[in-house]
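Source file: structure12.pdb; contents: PDB, C-alpha atoms.
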```
ATOM      1  CA  MET D   1      63.564  87.584 122.070  1.00  0.00           C
ATOM      2  CA  THR D   2      65.059  89.859 119.430  1.00  0.00           C
ATOM      3  CA  VAL D   3      68.418  89.771 117.697  1.00  0.00           C
ATOM      4  CA  THR D   4      70.496  92.941 117.676  1.00  0.00           C
ATOM      5  CA  ILE D   5      73.839  92.975 115.858  1.00  0.00           C
ATOM      6  CA  GLY D   6      76.707  95.338 116.532  1.00  0.00           C
ATOM      7  CA  ILE D   7      79.342  95.968 113.873  1.00  0.00           C
ATOM      8  CA  PHE D   8      82.763  96.665 115.365  1.00  0.00           C
ATOM      9  CA  GLU D   9      86.080  97.802 113.959  1.00  0.00           C
ATOM     10  CA  LYS D  10      88.175  96.598 116.919  1.00  0.00           C
ATOM     11  CA  GLU D  11      88.260  93.290 118.753  1.00  0.00           C
ATOM     12  CA  GLU D  12      88.699  95.116 122.055  1.00  0.00           C
ATOM     13  CA  SER D  13      85.354  96.837 121.516  1.00  0.00           C
ATOM     14  CA  VAL D  14      83.662  93.466 121.024  1.00  0.00           C
ATOM     15  CA  LEU D  15      85.196  92.228 124.284  1.00  0.00           C
ATOM     16  CA  GLU D  16      83.970  95.398 126.007  1.00  0.00           C
ATOM     17  CA  ALA D  17      80.445  94.774 124.685  1.00  0.00           C
ATOM     18  CA  ILE D  18      80.573  91.198 125.965  1.00  0.00           C
ATOM     19  CA  LYS D  19      81.554  92.483 129.422  1.00  0.00           C
ATOM     20  CA  ARG D  20      78.672  94.963 129.366  1.00  0.00           C
ATOM     21  CA  PHE D  21      76.155  92.296 128.342  1.00  0.00           C
ATOM     22  CA  GLN D  22      77.403  89.953 131.051  1.00  0.00           C
ATOM     23  CA  ALA D  23      77.145  92.731 133.651  1.00  0.00           C
ATOM     24  CA  VAL D  24      73.415  93.143 132.931  1.00  0.00           C
ATOM     25  CA  ARG D  25      72.924  89.470 132.190  1.00  0.00           C
ATOM     26  CA  THR D  26      69.522  87.901 132.332  1.00  0.00           C
ATOM     27  CA  ASP D  27      68.589  84.277 131.750  1.00  0.00           C
ATOM     28  CA  LYS D  28      67.243  85.310 128.348  1.00  0.00           C
ATOM     29  CA  GLN D  29      70.473  86.360 126.667  1.00  0.00           C
ATOM     30  CA  ASN D  30      72.511  84.690 123.937  1.00  0.00           C
ATOM     31  CA  LEU D  31      75.688  86.090 122.390  1.00  0.00           C
ATOM     32  CA  GLN D  32      77.481  85.054 119.230  1.00  0.00           C
ATOM     33  CA  ILE D  33      80.557  86.485 117.478  1.00  0.00           C
ATOM     34  CA  VAL D  34      80.856  86.427 113.679  1.00  0.00           C
ATOM     35  CA  VAL D  35      84.208  87.108 111.987  1.00  0.00           C
ATOM     36  CA  LYS D  36      85.751  86.742 108.537  1.00  0.00           C
ATOM     37  CA  ASN D  37      88.199  84.163 109.927  1.00  0.00           C
ATOM     38  CA  LYS D  38      89.863  83.440 113.269  1.00  0.00           C
ATOM     39  CA  GLU D  39      93.258  84.564 111.989  1.00  0.00           C
ATOM     40  CA  ALA D  40      91.809  88.070 111.642  1.00  0.00           C
ATOM     41  CA  ALA D  41      90.444  87.904 115.209  1.00  0.00           C
ATOM     42  CA  PRO D  42      93.073  86.391 117.521  1.00  0.00           C
ATOM     43  CA  LEU D  43      91.805  88.178 120.652  1.00  0.00           C
ATOM     44  CA  LEU D  44      88.217  87.067 120.144  1.00  0.00           C
ATOM     45  CA  SER D  45      89.269  83.520 119.300  1.00  0.00           C
ATOM     46  CA  GLY D  46      91.545  83.201 122.296  1.00  0.00           C
ATOM     47  CA  GLN D  47      89.939  85.206 125.099  1.00  0.00           C
ATOM     48  CA  THR D  48      86.297  84.207 125.116  1.00  0.00           C
ATOM     49  CA  ASP D  49      84.237  81.055 125.173  1.00  0.00           C
ATOM     50  CA  ILE D  50      81.419  82.707 123.261  1.00  0.00           C
ATOM     51  CA  PRO D  51      80.891  80.925 119.936  1.00  0.00           C
ATOM     52  CA  VAL D  52      82.927  82.446 117.117  1.00  0.00           C
ATOM     53  CA  ASP D  53      81.579  81.696 113.638  1.00  0.00           C
ATOM     54  CA  GLU D  54      84.071  82.102 110.809  1.00  0.00           C
ATOM     55  CA  VAL D  55      82.249  83.137 107.632  1.00  0.00           C
ATOM     56  CA  TYR D  56      85.037  82.024 105.292  1.00  0.00           C
ATOM     57  CA  ASP D  57      85.367  78.638 107.010  1.00  0.00           C
ATOM     58  CA  ILE D  58      81.622  77.982 106.769  1.00  0.00           C
ATOM     59  CA  ARG D  59      81.581  79.142 103.145  1.00  0.00           C
ATOM     60  CA  GLU D  60      84.457  76.829 102.209  1.00  0.00           C
ATOM     61  CA  ALA D  61      82.699  73.872 103.863  1.00  0.00           C
ATOM     62  CA  GLN D  62      79.514  74.658 101.936  1.00  0.00           C
ATOM     63  CA  GLU D  63      81.389  74.930  98.663  1.00  0.00           C
ATOM     64  CA  ARG D  64      82.873  71.476  99.300  1.00  0.00           C
ATOM     65  CA  GLY D  65      79.371  70.192 100.029  1.00  0.00           C
ATOM     66  CA  GLY D  66      80.246  69.358 103.623  1.00  0.00           C
ATOM     67  CA  ASP D  67      78.501  69.869 106.910  1.00  0.00           C
ATOM     68  CA  ARG D  68      79.662  72.533 109.328  1.00  0.00           C
ATOM     69  CA  PHE D  69      78.788  73.045 112.979  1.00  0.00           C
ATOM     70  CA  VAL D  70      76.595  76.143 112.928  1.00  0.00           C
ATOM     71  CA  SER D  71      74.929  77.889 115.855  1.00  0.00           C
ATOM     72  CA  PRO D  72      72.003  79.843 114.434  1.00  0.00           C
ATOM     73  CA  ILE D  73      71.428  83.091 116.247  1.00  0.00           C
ATOM     74  CA  GLY D  74      68.515  82.741 118.613  1.00  0.00           C
ATOM     75  CA  ALA D  75      67.926  79.056 117.938  1.00  0.00           C
ATOM     76  CA  ALA D  76      69.310  77.808 121.242  1.00  0.00           C
ATOM     77  CA  PRO D  77      71.070  79.250 124.278  1.00  0.00           C
ATOM     78  CA  LEU D  78      74.544  79.992 123.027  1.00  0.00           C
ATOM     79  CA  VAL D  79      76.237  81.094 126.213  1.00  0.00           C
ATOM     80  CA  SER D  80      75.353  81.152 129.838  1.00  0.00           C
ATOM     81  CA  GLY D  81      77.631  82.248 132.614  1.00  0.00           C
ATOM     82  CA  GLY D  82      79.589  85.380 133.387  1.00  0.00           C
ATOM     83  CA  TYR D  83      82.415  87.048 131.526  1.00  0.00           C
ATOM     84  CA  VAL D  84      85.692  87.262 133.396  1.00  0.00           C
ATOM     85  CA  ALA D  85      87.718  90.255 132.286  1.00  0.00           C
ATOM     86  CA  GLY D  86      91.284  89.278 131.560  1.00  0.00           C
ATOM     87  CA  GLY D  87      90.437  85.625 132.081  1.00  0.00           C
ATOM     88  CA  SER D  88      89.790  82.845 129.669  1.00  0.00           C
ATOM     89  CA  GLY D  89      86.314  84.084 128.844  1.00  0.00           C
ATOM     90  CA  VAL D  90      82.983  82.966 130.156  1.00  0.00           C
ATOM     91  CA  VAL D  91      82.679  81.074 133.412  1.00  0.00           C
ATOM     92  CA  GLY D  92      80.230  78.197 133.292  1.00  0.00           C
ATOM     93  CA  ALA D  93      79.705  78.525 129.556  1.00  0.00           C
ATOM     94  CA  ASN D  94      77.665  75.915 127.807  1.00  0.00           C
ATOM     95  CA  PRO D  95      77.736  76.697 124.063  1.00  0.00           C
ATOM     96  CA  THR D  96      75.215  74.736 122.067  1.00  0.00           C
ATOM     97  CA  GLY D  97      74.271  74.419 118.436  1.00  0.00           C
ATOM     98  CA  PHE D  98      73.649  71.811 115.812  1.00  0.00           C
ATOM     99  CA  VAL D  99      75.172  70.470 112.644  1.00  0.00           C
ATOM    100  CA  ALA D 100      73.440  72.003 109.677  1.00  0.00           C
ATOM    101  CA  GLY D 101      73.431  70.213 106.368  1.00  0.00           C
ATOM    102  CA  THR D 102      74.168  72.522 103.497  1.00  0.00           C
ATOM    103  CA  ALA D 103      72.526  72.637 100.132  1.00  0.00           C
ATOM    104  CA  ASP D 104      74.646  72.428  97.016  1.00  0.00           C
ATOM    105  CA  LEU D 105      75.863  75.956  96.455  1.00  0.00           C
ATOM    106  CA  ASP D 106      77.800  77.318  93.503  1.00  0.00           C
ATOM    107  CA  ASN D 107      81.295  78.728  93.816  1.00  0.00           C
ATOM    108  CA  ASP D 108      79.911  82.278  93.913  1.00  0.00           C
ATOM    109  CA  THR D 109      78.467  81.771  97.383  1.00  0.00           C
ATOM    110  CA  ARG D 110      78.666  85.095  99.143  1.00  0.00           C
ATOM    111  CA  ASN D 111      78.945  86.045 102.765  1.00  0.00           C
ATOM    112  CA  GLU D 112      75.235  86.887 102.856  1.00  0.00           C
ATOM    113  CA  ASN D 113      74.340  83.251 102.201  1.00  0.00           C
ATOM    114  CA  VAL D 114      76.459  82.108 105.134  1.00  0.00           C
ATOM    115  CA  LEU D 115      75.052  84.818 107.369  1.00  0.00           C
ATOM    116  CA  GLN D 116      71.518  83.785 106.433  1.00  0.00           C
ATOM    117  CA  ASP D 117      72.434  80.192 107.348  1.00  0.00           C
ATOM    118  CA  ILE D 118      73.414  81.304 110.851  1.00  0.00           C
ATOM    119  CA  GLY D 119      70.262  83.364 111.294  1.00  0.00           C
ATOM    120  CA  ILE D 120      70.953  86.884 109.984  1.00  0.00           C
ATOM    121  CA  GLN D 121      68.110  87.453 107.555  1.00  0.00           C
ATOM    122  CA  GLY D 122      67.118  89.725 104.712  1.00  0.00           C
ATOM    123  CA  ARG D 123      68.635  93.154 104.319  1.00  0.00           C
ATOM    124  CA  HIS D 124      70.653  92.644 107.503  1.00  0.00           C
ATOM    125  CA  ALA D 125      72.619  89.822 105.856  1.00  0.00           C
ATOM    126  CA  LYS D 126      73.820  92.223 103.137  1.00  0.00           C
ATOM    127  CA  THR D 127      74.879  94.893 105.651  1.00  0.00           C
ATOM    128  CA  ALA D 128      76.582  92.313 107.868  1.00  0.00           C
ATOM    129  CA  GLY D 129      78.205  90.618 104.849  1.00  0.00           C
ATOM    130  CA  ASP D 130      79.669  93.901 103.654  1.00  0.00           C
ATOM    131  CA  ALA D 131      81.025  94.573 107.157  1.00  0.00           C
ATOM    132  CA  ILE D 132      82.622  91.111 107.360  1.00  0.00           C
ATOM    133  CA  GLU D 133      84.234  91.638 103.942  1.00  0.00           C
ATOM    134  CA  LYS D 134      85.771  94.896 105.221  1.00  0.00           C
ATOM    135  CA  GLY D 135      87.267  92.994 108.157  1.00  0.00           C
ATOM    136  CA  TYR D 136      84.835  94.199 110.814  1.00  0.00           C
ATOM    137  CA  PHE D 137      83.565  92.011 113.641  1.00  0.00           C
ATOM    138  CA  LEU D 138      79.928  91.237 114.489  1.00  0.00           C
ATOM    139  CA  LEU D 139      78.463  90.614 117.904  1.00  0.00           C
ATOM    140  CA  ALA D 140      74.924  89.274 117.761  1.00  0.00           C
ATOM    141  CA  ALA D 141      72.869  89.531 120.920  1.00  0.00           C
ATOM    142  CA  ASP D 142      69.604  87.636 121.182  1.00  0.00           C
ATOM    143  CA  THR D 143      67.925  89.246 124.186  1.00  0.00           C
ATOM    144  CA  ASP D 144      64.557  90.130 125.603  1.00  0.00           C
ATOM    145  CA  ASP D 145      65.241  93.905 125.441  1.00  0.00           C
ATOM    146  CA  GLU D 146      66.223  95.378 122.065  1.00  0.00           C
ATOM    147  CA  GLU D 147      66.700  98.908 123.413  1.00  0.00           C
ATOM    148  CA  VAL D 148      69.154  97.789 126.109  1.00  0.00           C
ATOM    149  CA  SER D 149      71.044  95.725 123.522  1.00  0.00           C
ATOM    150  CA  LYS D 150      71.355  98.673 121.148  1.00  0.00           C
ATOM    151  CA  ARG D 151      72.541 100.930 123.980  1.00  0.00           C
ATOM    152  CA  LEU D 152      75.183  98.435 125.182  1.00  0.00           C
ATOM    153  CA  LEU D 153      76.516  97.899 121.659  1.00  0.00           C
ATOM    154  CA  ILE D 154      76.756 101.634 120.985  1.00  0.00           C
ATOM    155  CA  GLN D 155      78.387 102.323 124.376  1.00  0.00           C
ATOM    156  CA  SER D 156      80.985  99.684 123.545  1.00  0.00           C
ATOM    157  CA  GLY D 157      81.953 101.352 120.286  1.00  0.00           C
ATOM    158  CA  ALA D 158      79.816  99.696 117.625  1.00  0.00           C
ATOM    159  CA  LEU D 159      80.122 101.509 114.300  1.00  0.00           C
ATOM    160  CA  ASP D 160      76.590 100.454 113.427  1.00  0.00           C
ATOM    161  CA  VAL D 161      73.772  98.472 115.017  1.00  0.00           C
ATOM    162  CA  ILE D 162      71.312  96.440 112.983  1.00  0.00           C
ATOM    163  CA  TYR D 163      68.120  94.894 114.325  1.00  0.00           C
TER     164      TYR D 163
END
```

Could you spell out this file's structure in structure tokens?
Amino acid sequence: MTVTIGIFEKEESVLEAIKRFQAVRTDKQNLQIVVKNKEAAPLLSGQTDIPVDEVYDIREAQERGGDRFVSPIGAAPLVSGGYVAGGSGVVGANPTGFVAGTADLDNDTRNENVLQDIGIQGRHAKTAGDAIEKGYFLLAADTDDEEVSKRLLIQSGALDVIY
């Protein structure tokens, strides 16, 4: 399984990518949305049952020294089921994750730290963090076919794909 991340400018493009992934769905596919905050992504927050991680919310919880429900990319099946266009999201979804304890972090915690906590590592965390700061949306796909994932993300309007 490999993680491929699409960076999107529009929420509608993320929803289109979700539909495309669900159309070619295999049992070895996990999707996760990462946004700056849910207020900046009302469509994604309201129209899909795919986990939506809010970077600012997680960062604030870490700064307070609290625990936050975090679904690391690729750690467990995040979504199973089929996307229903125009519906409430994913049929038969069973999002899973775990509560991750956070280390004491200083007030300068950056988006990259949060993204690393949810499974986006190394140089990809910087690229993804910069995109989140600009207000873009991330769709992470943990699949068994990296090439298909890249193609689906690009066809759906991803500005960039990192893997």

Proximity to D:Ala140 - best of D:Glu12, D:Val55, D:Gln62, D:Val161, all atoms listed in the file: D:Val161

Spatial neighbours of D:Lys126, 10 Å, all atoms listed in the file, chain gap at least 3 places, as a PyMOL selection string: chain D and resi 110-113+115-116+120-123+129-132

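Residue neighbourhood of D:Arg151, excluding near-sequence residues (fewer than 3 positions): Thr4, Ile5, Gly6, Ala17, Arg20, Phe21, Val24, Ala141, Asp145, Glu146, Glu147, Val148, Ile154, Gln155, Ser156, Gly157, Ala158, Asp160, Val161 and Ile162 of chain D, at 12 Å, using all atoms listed in the file.
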
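In this comparison, which uses all atoms listed in the file, the residue of D:His124, D:Lys19, D:Lys134, D:Arg64 approaching D:Leu152 most closely is D:Lys19.
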
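Atom pair atom CA of D:Arg25 / atom CA of D:Gly135 has a distance of 28.2 Å (rounded to one decimal).
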
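With only C-alpha atoms as the atoms that count, the residue of D:Leu159, D:Leu138, D:Leu153, D:Met1 with the shortest distance to D:Val52 is D:Leu138.
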
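Atom CA of D:Ala23 is found 24.1 Å from atom CA of D:Tyr136.
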
Atom pair atom CA of D:Val3 / atom CA of D:Asp57: separation (Å): 22.9 Å

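For the point (81.6, 89.2, 113.4) in file coordinates, the residues within 6 Å, using only C-alpha atoms, are D:Ile33, D:Val34, D:Val35, D:Phe137, D:Leu138, D:Leu139.
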
Once you add 6 Å to each side, what are the centre and edge lengths of the axis-aligned box holding all listed atoms of stretch 147-155 of chain D? One decimal in Å, as lines of an AutoDock Vina configuration file, if you can.
```
center_x = 72.5
center_y = 99.0
center_z = 123.5
size_x = 23.7
size_y = 18.6
size_z = 17.1
```
